[in-house]
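**Student:** Quick one: structure below, then a few questions.
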Protein chains: 2
Amino acid sequence: MKASTENLRKQNRGLILSALRRLGSVSHTELSQWTSLSSATVSTITTELEKEGILLREEQAPSAGRGRPRVKFRQNPNCAFVAIVRITSEMVQYSLVDYAGTLKDRFEEKRPPAETDIDTFSNRLKNDIQRLIERSELQPEQILTVSITTKGLVASGKPELLWSPVFEDNTMNFEDLLRPILPAQIRLTNDTQFAAQSIAEQRAAKLGGFSNRKLATLSLSHSIGLGIATEEANGKISSFAPPFGHMMHDPNGPLCRCGAHGCIESIAGFYGILRTAFEVDDDVVPAKFIPLKEIENIAVRARNGDHQSEYAFRRAGEALGIGLGRLLTLLGPMPIAITGHGTLFYDLMQTSILDGIQNTLQVRRNKMPDVSFHTDEGHLIFNGNVQSCLSDLDSNIISEQNGTKWKFN
Amino acid sequence: MKASTENLRKQNRGLILSALRRLGSVSHTELSQWTSLSSATVSTITTELEKEGILLREEQAPSAGRGRPRVKFRQNPNCAFVAIVRITSEMVQYSLVDYAGTLKDRFEEKRPPAETDIDTFSNRLKNDIQRLIERSELQPEQILTVSITTKGLVASGKPELLWSPVFEDNTMNFEDLLRPILPAQIRLTNDTQFAAQSIAEQRAAKLGGFSNRKLATLSLSHSIGLGIATEEANGKISSFAPPFGHMMHDPNGPLCRCGAHGCIESIAGFYGILRTAFEVDDDVVPAKFIPLKEIENIAVRARNGDHQSEYAFRRAGEALGIGLGRLLTLLGPMPIAITGHGTLFYDLMQTSILDGIQNTLQVRRNKMPDVSFHTDEGHLIFNGNVQSCLSDLDSNIISEQNGTKWKFN
DNA sequence: AACATTTTTTCGACTGTCGAGAAAATTAAT
DNA sequence: ATTAATTTTCTCGACAGTCGAAAAAATGTT
């Protein structure tokens with residue numbers, strides 16, 4: 001709260017690090033321009049960071065004009081590493097990324113289709129992370145963060161999974177699970193949150209601060225995910241992921257996996273669509289693992305004019321559209337990005353989705369928000385996670401008084 | 001973005017001003033403790049502010065113990081004034097408040113019950129503000145802000161009323177209206193937003209930073225208002241007011257004043273309750289001005305067991321409860337404060353409201369949020385407005401390099 | 001009147017940023 | 001080759017801000 005000269009330096013160190021994070025490899029002069037700090041302060045800060053082993057001076061490529069050639073700075077890739085774990089319903093992806101954001105190692109492990117035992121799952125996860133560490137030949141202390149993404153409801157403040165489509169109410173604390181094998185900070189985040197973060201950062205980079213201050217990302221799949229990214233006053237993009245899939249759509253609606261009736265997901269998740277299409281009783285929850293093929297078959301029938309199949313998708317679109325309308329009512333109009341396998345069936349839901357959005361006071365008064373599609377959901381989630389992780393590290397670095405913690409180089 | 005020694009001073013000036021704003025009359029030592037600034041910097045900043053005419057040194061009351069008696073600082077009440085205008089469906093209240101927050105003058109003007117012409121209304125408003133200025137015998141330049149609260153949908157960024165229950169789609173720009181008569185900054189804000197702000201500030205003051213980071217305030221009346229206050233990381237409380245009353249409840253529901261079908265307000269606003277109670281057709285919108293007496297009569301019948309009257313309130317509660325549940329799903333669990341005349345009928349809606357809230361994933365997992373009642377809505381709105389206005393002034397003051405603008409003392 | 005006590009101000013040290021000029025490193029010209 | 005031109009980076013002194021400690025101020029107590 002109180003401002004001191006120390007904070008001043010911290011903030012400007014942060015500015016330099018974030019410039020490096022965004023621009024990759026930057027010269028002294030460019031840093032000065034980008035941060036609007038004077039050349040003198042850039043000098044002192046960069047030499048400081050270099051001594052701490054966070055920055056590297058880079059030999060300059062043959063220069064274009066005359067004059068002293070620029071010396072470029074870049075992050076020391078080896079000053080920290082993060083493990084990125086992406087859990088999907090089909091597999092778990094393990095990646096190792098260095099401080100500069102380069103992917104150093106990656107492998108994926110399929111999930112057995114019918115496995116719902118949480119202990120089996122978490123033990124395998126633990127072993128696989130152990131394997132990632134061993135393969136890297138790094139010391140466990142060099143991995144500063146393990147950041148995990150998953151579907152479902154995540155606790156705030158601690159890395160605990162509170163509810164998920166597969167394990168339902170069996171909670172899972174990743175901190176407790178992984179503490180024995182490495183001292184890293186453990187993070188757990190809803191995956192669609194990072195998809196939103198990633199798309200928002202893309203747009204901000206392209207447009208230079210994305211004009212609209214908010215963005216919603218909807219993930220259509222077995223379950224329904226939503227992430228919302230906001231550009232704050234200082235230019236940083238923050239995001240969160242409300243359990244949109246379990247927002248009440250119709251109190252008299254079908255049974256949802258979460259135990260309630262009429263959640264959006266119970267109608268618009270793949271299992272909801274399947275249930276409507278096959279006219280299964282509303283109180284029956286279909287199997288947890290539905291092959292995508294099944295839904296594709298329903299879509300084919302719908303496109304061939306089968307009424308009940310058409311209705312299944314239309315009904316899903318209605319729940320999504322009205323839900324999005326409610327969202328926009330509360331948070332204001334914002335562009336909407338759609339990801340997930342469900343984008344394949346957007347043609348069957350479009351009309352009812354757009355109708356729902358349209359039926360909103362501010363949208364009626366102004367104009368329809370942009371709706372865009374992103375087929376590379378896995379990529380987005382991974383990128384968002386990496387960026388968020390490394391920015392976090394940057395924030396920790398600027399607070400470090402003496403570079404003791406950053407000795408790996 | 002960039003941090004300089006200038007910003008440093010600004011921030012610490014702000015700290016001093018906010019301490020003064022919260023504590024009223026404070027000594028040097030108390031300021032130092034509260035802000036955790038050193039005694040030396042408190043000295044330089046206070047003398048600076050005193051020279052600029054923003055602070056006054058106050059003679060000390062007979063001291064208690066031995067030692068040099070404390071000299072207290074307080075805001076110079078005459079260094080600025082604000083006009084506070086509160087528009088309700090029955091009247092318009094005009095208040096003049098000085099920089100220290102003291103009410104200097106106030107009068108109210110009744111609104112003719114059937115007046116829906118926006119020009120007549122705005123001309124009278126303009127004249128009444130003119131009168132407030134004249135009565136004060138201040139120069140128009142001494143009034144730095146005119147801050148207006150109203151029901152309805154307010155534009156962001158400019159003081160324009162976009163939609164209101166009375167004037168509907170006839171917009172009204174208060175900047176254009178008032179610019180001819182005074183040079184002040186014009187603000188227009190939804191009234192429930194300030195009710196939320198005010199309640200949140202009360203709690204923060206009482207608990208020292210209110211534990212729960214968010215608070216929703218629901219205003220039940222002819223129309224339905226909602227404000228959400230959030231405590232930011234720096235301790236400041238910010239708020240906003242989504243058009244909750246026009247969030248879709250049921251797409252097949254009754255006609256709303258806004259032109260859509262099934263908005264929460266169309267069921268839970270007084271006119272919605274009236275329509276249900278008297279079994280008026282869903283496509284008929286009842287009169288704009290409904291005497292409170294009418295609703296009280298329906299309530300009496302409901303309490304005496306009249307089924308249709310009971311149903312009218314129950315249905316309203318359902319719309320409100322499910323709506324609040326959706327809100328909590330998107331923004332996370334938070335305490336709920338209820339204001340407005342509608343609190344008189346809460347007994348008739350309680351069960352269905354609580355049911356709706358309860359039917360939310362996070363609420364089911366944790367516990368029911370606190371629901372509290374505040375009968376002094378007018379007071380809350382006024383206080384919230386004043387606090388927000390004066391804090392705004394404080395922020396402007398800290399940026400002033402030379403106190404030229406603050407010469408009235 | 002001298003001393004004790006508490007509050008406020010002042011002073012020197014320290015940290016941070018900035019502008020301007022010096023130094024460095026290269027290309028182009030002589 | 002040497003010199004000049006040019007561009008980039010570093011360095012130095014000036015300035016602004018905060019802090020701790022000591023001095024000064026204002027009162028009560030002995």
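By convention here, the chains of the structure tokens are called A, B, ... in the order presented, each chain's residues are numbered starting at 1, and ligands are numbered starting at 1 in the order presented.
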Set the cut-off to 8 Å and count only C-alpha atoms (C1' of nucleotides): what are the residues of chain D that reach chain B? Output as a list in words.

**Tutor:**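 Result: DA16, DG17, DT18, DC19, DA25, DA26, DT27 and DG28 of chain D.
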
**Student:** Report as a compact mmCIF listing (two decimals) with N, CA, C and O atoms (P, O5', C5', C4', C3', O3' and C1' of nucleotides), in the first residue's frame all protein, DNA and RNA residues lying within 10 Å of DC10 (chain D), evaluated on only C-alpha atoms (C1' of nucleotides), omitting residues in the same chain fewer than 5 positions from it.

**Tutor:**
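Saved result, around_11.txt, follows:
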```txt
# COMPACT_ATOMS: atom_id res chain seq x y z
N SER A 39 17.25 5.79 -20.55
CA SER A 39 18.32 4.87 -20.90
C SER A 39 19.15 4.53 -19.66
O SER A 39 19.58 3.38 -19.49
N ALA A 40 19.35 5.49 -18.81
CA ALA A 40 20.17 5.27 -17.61
C ALA A 40 19.58 4.19 -16.72
O ALA A 40 20.29 3.27 -16.29
N SER A 43 19.83 0.75 -18.09
CA SER A 43 21.18 0.24 -17.86
C SER A 43 21.33 -0.39 -16.48
O SER A 43 21.76 -1.54 -16.36
N THR A 44 20.96 0.36 -15.46
CA THR A 44 21.17 -0.16 -14.11
C THR A 44 20.34 -1.42 -13.88
O THR A 44 20.82 -2.39 -13.30
P DA C 22 31.57 15.49 -22.80
O5' DA C 22 32.06 14.02 -22.44
C5' DA C 22 32.10 13.61 -21.06
C4' DA C 22 32.33 12.11 -21.00
C3' DA C 22 33.44 11.63 -21.91
O3' DA C 22 34.20 10.64 -21.21
C1' DA C 22 31.42 10.53 -22.48
P DA C 23 35.48 10.04 -21.86
O5' DA C 23 34.99 8.60 -22.34
C5' DA C 23 34.34 7.75 -21.39
C4' DA C 23 33.82 6.51 -22.10
C3' DA C 23 34.83 5.86 -23.06
O3' DA C 23 34.89 4.48 -22.73
C1' DA C 23 32.76 6.21 -24.16
P DA C 24 35.84 3.49 -23.51
O5' DA C 24 34.83 2.77 -24.50
C5' DA C 24 33.69 2.13 -23.94
C4' DA C 24 32.87 1.50 -25.05
C3' DA C 24 33.69 0.73 -26.09
O3' DA C 24 33.03 -0.50 -26.31
C1' DA C 24 32.35 2.32 -27.18
```

**Student:** Run DSSP on the backbone of this structure and report the residues of region 323-368 of chain A it assigns to strand (DSSP E or B), as a list in words.

**Tutor:**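 Reading the DSSP output for region 323-368 of chain A, strand (DSSP E or B) covers Ile336, Ala337, Ile338 and Thr339 of chain A.
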
**Student:** Distance limit 6 Å, atoms considered: only C-alpha atoms. Which chain B residues sit that close to chain A? Return them as a VMD selection string.

**Tutor:** chain B and resid 3 8 242 247 326 329 to 330

**Student:** As an MDAnalysis selection string, please: all residues of region 10-247 of chain A that backbone DSSP puts in alpha helix (DSSP H).

**Tutor:** chainID A and resid 10:23 28:35 39:51 118:136 174:178 191:207

**Student:** If we count only C-alpha atoms (C1' of nucleotides), what is near Phe270 (chain B) at a cut-off of 9 Å, once residues fewer than 5 positions away on the same chain are taken out, given as a PyMOL selection string?

**Tutor:** chain B and resi 220-224+265+275+290+292+295+342

**Student:** With a cut-off of 7 Å, could you pull out the residues of chain C touching chain A and give me the nearest pair of atoms for each, distance in Å to one decimal, using only C-alpha atoms (C1' of nucleotides), ordered by chain and ascending number, as CSV?

**Tutor:**
```
residue,atom,partner,partner_atom,distance
C:DT15,C1',A:Thr5,CA,6.3
C:DG16,C1',A:Thr5,CA,6.0
C:DT17,C1',A:Thr41,CA,6.6
C:DC18,C1',A:Ser38,CA,6.4
C:DA25,C1',A:Arg68,CA,4.4
C:DT26,C1',A:Arg68,CA,4.7
C:DT27,C1',A:Arg66,CA,4.3
```

**Student:** Any chance you could export the current selection's all heavy atoms as a compact mmCIF listing (two decimals), in the first residue's frame?

**Tutor:**
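The result, written out as out.txt:
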```txt
# COMPACT_ATOMS: atom_id res chain seq x y z
P DT C 15 21.52 2.52 -0.16
OP1 DT C 15 21.63 1.12 0.29
OP2 DT C 15 22.65 3.17 -0.87
O5' DT C 15 20.25 2.65 -1.09
C5' DT C 15 18.93 2.58 -0.51
C4' DT C 15 17.93 3.02 -1.56
O4' DT C 15 17.88 4.47 -1.63
C3' DT C 15 18.26 2.53 -2.97
O3' DT C 15 17.11 1.91 -3.52
C2' DT C 15 18.66 3.80 -3.71
C1' DT C 15 17.86 4.86 -2.98
N1 DT C 15 18.42 6.23 -3.07
C2 DT C 15 17.57 7.27 -3.36
O2 DT C 15 16.37 7.12 -3.56
N3 DT C 15 18.17 8.50 -3.42
C4 DT C 15 19.51 8.78 -3.22
O4 DT C 15 19.94 9.94 -3.30
C5 DT C 15 20.34 7.65 -2.91
C7 DT C 15 21.80 7.85 -2.67
C6 DT C 15 19.76 6.45 -2.85
P DG C 16 17.15 1.12 -4.92
OP1 DG C 16 16.25 -0.04 -4.87
OP2 DG C 16 18.57 0.94 -5.27
O5' DG C 16 16.55 2.17 -5.94
C5' DG C 16 15.18 2.56 -5.80
C4' DG C 16 14.93 3.76 -6.67
O4' DG C 16 15.67 4.88 -6.15
C3' DG C 16 15.38 3.59 -8.12
O3' DG C 16 14.27 3.48 -8.99
C2' DG C 16 16.18 4.85 -8.42
C1' DG C 16 15.95 5.74 -7.23
N9 DG C 16 17.14 6.52 -6.94
C8 DG C 16 18.33 6.08 -6.43
N7 DG C 16 19.22 7.03 -6.29
C5 DG C 16 18.57 8.16 -6.73
C6 DG C 16 19.01 9.49 -6.82
O6 DG C 16 20.12 9.94 -6.52
N1 DG C 16 18.02 10.34 -7.33
C2 DG C 16 16.76 9.94 -7.71
N2 DG C 16 15.95 10.87 -8.17
N3 DG C 16 16.32 8.70 -7.62
C4 DG C 16 17.27 7.87 -7.13
P DT C 17 14.47 3.28 -10.58
OP1 DT C 17 13.31 2.52 -11.07
OP2 DT C 17 15.84 2.79 -10.83
O5' DT C 17 14.38 4.77 -11.12
C5' DT C 17 13.20 5.53 -10.88
C4' DT C 17 13.32 6.88 -11.56
O4' DT C 17 14.39 7.62 -10.91
C3' DT C 17 13.68 6.82 -13.04
O3' DT C 17 12.80 7.66 -13.78
C2' DT C 17 15.12 7.29 -13.11
C1' DT C 17 15.24 8.19 -11.89
N1 DT C 17 16.60 8.26 -11.31
C2 DT C 17 17.22 9.48 -11.18
O2 DT C 17 16.70 10.53 -11.51
N3 DT C 17 18.48 9.43 -10.63
C4 DT C 17 19.17 8.31 -10.22
O4 DT C 17 20.30 8.39 -9.75
C5 DT C 17 18.47 7.06 -10.40
C7 DT C 17 19.13 5.78 -9.98
C6 DT C 17 17.24 7.09 -10.93
P DC C 18 12.92 7.73 -15.37
OP1 DC C 18 11.56 8.02 -15.88
OP2 DC C 18 13.67 6.57 -15.85
O5' DC C 18 13.82 9.04 -15.57
C5' DC C 18 13.43 10.25 -14.94
C4' DC C 18 14.39 11.35 -15.31
O4' DC C 18 15.60 11.21 -14.53
C3' DC C 18 14.81 11.34 -16.78
O3' DC C 18 14.63 12.63 -17.34
C2' DC C 18 16.28 10.93 -16.75
C1' DC C 18 16.72 11.36 -15.36
N1 DC C 18 17.81 10.53 -14.78
C2 DC C 18 18.95 11.13 -14.24
O2 DC C 18 19.03 12.36 -14.28
N3 DC C 18 19.92 10.36 -13.72
C4 DC C 18 19.79 9.03 -13.70
N4 DC C 18 20.78 8.30 -13.15
C5 DC C 18 18.62 8.39 -14.23
C6 DC C 18 17.67 9.16 -14.77
P DA C 25 33.81 -1.76 -26.92
OP1 DA C 25 33.41 -2.96 -26.13
OP2 DA C 25 35.24 -1.42 -27.10
O5' DA C 25 33.15 -1.89 -28.36
C5' DA C 25 31.74 -2.08 -28.46
C4' DA C 25 31.31 -1.76 -29.86
O4' DA C 25 31.32 -0.33 -30.06
C3' DA C 25 32.21 -2.36 -30.95
O3' DA C 25 31.40 -3.08 -31.85
C2' DA C 25 32.85 -1.14 -31.62
C1' DA C 25 31.79 -0.08 -31.37
N9 DA C 25 32.26 1.30 -31.42
C8 DA C 25 33.38 1.83 -30.85
N7 DA C 25 33.54 3.12 -31.06
C5 DA C 25 32.43 3.46 -31.83
C6 DA C 25 32.00 4.69 -32.38
N6 DA C 25 32.66 5.84 -32.24
N1 DA C 25 30.85 4.68 -33.09
C2 DA C 25 30.20 3.52 -33.22
N3 DA C 25 30.49 2.32 -32.75
C4 DA C 25 31.63 2.35 -32.05
P DT C 26 31.98 -4.31 -32.64
OP1 DT C 26 31.06 -5.44 -32.46
OP2 DT C 26 33.41 -4.48 -32.33
O5' DT C 26 31.89 -3.77 -34.12
C5' DT C 26 30.61 -3.70 -34.73
C4' DT C 26 30.44 -2.41 -35.51
O4' DT C 26 31.01 -1.27 -34.84
C3' DT C 26 31.09 -2.34 -36.88
O3' DT C 26 30.29 -3.00 -37.84
C2' DT C 26 31.14 -0.84 -37.14
C1' DT C 26 30.92 -0.22 -35.78
N1 DT C 26 31.88 0.84 -35.47
C2 DT C 26 31.60 2.12 -35.89
O2 DT C 26 30.61 2.42 -36.52
N3 DT C 26 32.54 3.06 -35.56
C4 DT C 26 33.71 2.85 -34.85
O4 DT C 26 34.49 3.78 -34.60
C5 DT C 26 33.95 1.50 -34.45
C7 DT C 26 35.19 1.17 -33.69
C6 DT C 26 33.03 0.56 -34.77
P DT C 27 30.81 -3.15 -39.34
OP1 DT C 27 30.02 -4.25 -39.95
OP2 DT C 27 32.28 -3.21 -39.32
O5' DT C 27 30.39 -1.78 -40.02
C5' DT C 27 29.01 -1.44 -40.16
C4' DT C 27 28.89 -0.09 -40.86
O4' DT C 27 29.67 0.90 -40.12
C3' DT C 27 29.41 -0.06 -42.29
O3' DT C 27 28.51 0.68 -43.09
C2' DT C 27 30.77 0.61 -42.18
C1' DT C 27 30.54 1.58 -41.01
N1 DT C 27 31.77 1.91 -40.22
C2 DT C 27 32.12 3.22 -40.06
O2 DT C 27 31.50 4.16 -40.53
N3 DT C 27 33.26 3.43 -39.31
C4 DT C 27 34.05 2.47 -38.71
O4 DT C 27 35.04 2.77 -38.06
C5 DT C 27 33.62 1.10 -38.93
C7 DT C 27 34.39 -0.03 -38.34
C6 DT C 27 32.51 0.88 -39.67
```

**Student:** Could you list, as a list in words, every residue within 8 Å of Val386 (chain A), counting only C-alpha atoms (C1' of nucleotides) and ignoring same-chain residues fewer than 4 positions away?

**Tutor:**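 Surrounding residues, per the criterion: Ile84, Val97, Gly101, Phe382 and Leu390 of chain A.
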
**Student:** Can you tell me which residues surround Ser147 (chain B) at a distance of at most 9 Å, considering only C-alpha atoms (C1' of nucleotides), apart from same-chain residues fewer than 2 positions away, and format the answer as number ranges by chain?

**Tutor:** B: 82-86, 145, 149, 185-189, 385-386, 389

**Student:** Quick one: write out the picked residues with N, CA, C and O atoms as an mmCIF file, in the first residue's frame?

**Tutor:**
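Dumped everything to selection28.cif:
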```
data_model
loop_
_atom_site.group_PDB
_atom_site.id
_atom_site.type_symbol
_atom_site.label_atom_id
_atom_site.label_comp_id
_atom_site.auth_asym_id
_atom_site.auth_seq_id
_atom_site.Cartn_x
_atom_site.Cartn_y
_atom_site.Cartn_z
ATOM 1 N N VAL B 82 -19.769 19.554 -3.700
ATOM 2 C CA VAL B 82 -20.393 18.697 -4.705
ATOM 3 C C VAL B 82 -21.910 18.777 -4.565
ATOM 4 O O VAL B 82 -22.433 18.925 -3.460
ATOM 5 N N ALA B 83 -22.588 18.686 -5.703
ATOM 6 C CA ALA B 83 -24.048 18.623 -5.692
ATOM 7 C C ALA B 83 -24.464 17.174 -5.895
ATOM 8 O O ALA B 83 -23.977 16.506 -6.810
ATOM 9 N N ILE B 84 -25.329 16.702 -5.010
ATOM 10 C CA ILE B 84 -25.766 15.312 -5.064
ATOM 11 C C ILE B 84 -27.244 15.301 -5.421
ATOM 12 O O ILE B 84 -28.056 15.908 -4.719
ATOM 13 N N VAL B 85 -27.604 14.637 -6.502
ATOM 14 C CA VAL B 85 -28.995 14.594 -6.949
ATOM 15 C C VAL B 85 -29.467 13.142 -6.939
ATOM 16 O O VAL B 85 -28.835 12.285 -7.543
ATOM 17 N N ARG B 86 -30.549 12.908 -6.222
ATOM 18 C CA ARG B 86 -31.071 11.539 -6.160
ATOM 19 C C ARG B 86 -32.472 11.516 -6.754
ATOM 20 O O ARG B 86 -33.392 12.137 -6.233
ATOM 21 N N THR B 145 -18.370 18.879 -8.752
ATOM 22 C CA THR B 145 -19.028 17.696 -9.290
ATOM 23 C C THR B 145 -20.533 17.780 -9.070
ATOM 24 O O THR B 145 -20.967 18.221 -8.008
ATOM 25 N N THR B 149 -27.969 10.117 -9.156
ATOM 26 C CA THR B 149 -28.316 8.698 -9.151
ATOM 27 C C THR B 149 -29.735 8.508 -9.660
ATOM 28 O O THR B 149 -30.612 9.342 -9.428
ATOM 29 N N GLN B 185 -17.834 18.636 -13.145
ATOM 30 C CA GLN B 185 -17.884 17.301 -13.740
ATOM 31 C C GLN B 185 -19.256 16.709 -13.454
ATOM 32 O O GLN B 185 -19.770 16.819 -12.338
ATOM 33 N N ILE B 186 -19.880 16.094 -14.450
ATOM 34 C CA ILE B 186 -21.218 15.518 -14.264
ATOM 35 C C ILE B 186 -21.097 13.996 -14.228
ATOM 36 O O ILE B 186 -20.490 13.402 -15.114
ATOM 37 N N ARG B 187 -21.659 13.399 -13.186
ATOM 38 C CA ARG B 187 -21.638 11.935 -13.087
ATOM 39 C C ARG B 187 -23.061 11.407 -13.004
ATOM 40 O O ARG B 187 -23.919 12.031 -12.388
ATOM 41 N N LEU B 188 -23.286 10.278 -13.618
ATOM 42 C CA LEU B 188 -24.600 9.640 -13.530
ATOM 43 C C LEU B 188 -24.381 8.167 -13.202
ATOM 44 O O LEU B 188 -23.606 7.490 -13.866
ATOM 45 N N THR B 189 -25.060 7.700 -12.180
ATOM 46 C CA THR B 189 -24.812 6.335 -11.706
ATOM 47 C C THR B 189 -26.115 5.671 -11.316
ATOM 48 O O THR B 189 -27.036 6.339 -10.830
ATOM 49 N N ASN B 385 -23.021 7.721 -2.799
ATOM 50 C CA ASN B 385 -22.731 8.739 -3.806
ATOM 51 C C ASN B 385 -21.727 9.754 -3.266
ATOM 52 O O ASN B 385 -20.730 10.061 -3.926
ATOM 53 N N VAL B 386 -21.986 10.257 -2.069
ATOM 54 C CA VAL B 386 -21.093 11.261 -1.482
ATOM 55 C C VAL B 386 -19.683 10.689 -1.343
ATOM 56 O O VAL B 386 -18.691 11.298 -1.768
ATOM 57 N N CYS B 389 -18.009 10.310 -4.693
ATOM 58 C CA CYS B 389 -17.687 11.641 -5.227
ATOM 59 C C CYS B 389 -16.437 12.208 -4.596
ATOM 60 O O CYS B 389 -15.534 12.684 -5.278
#
```
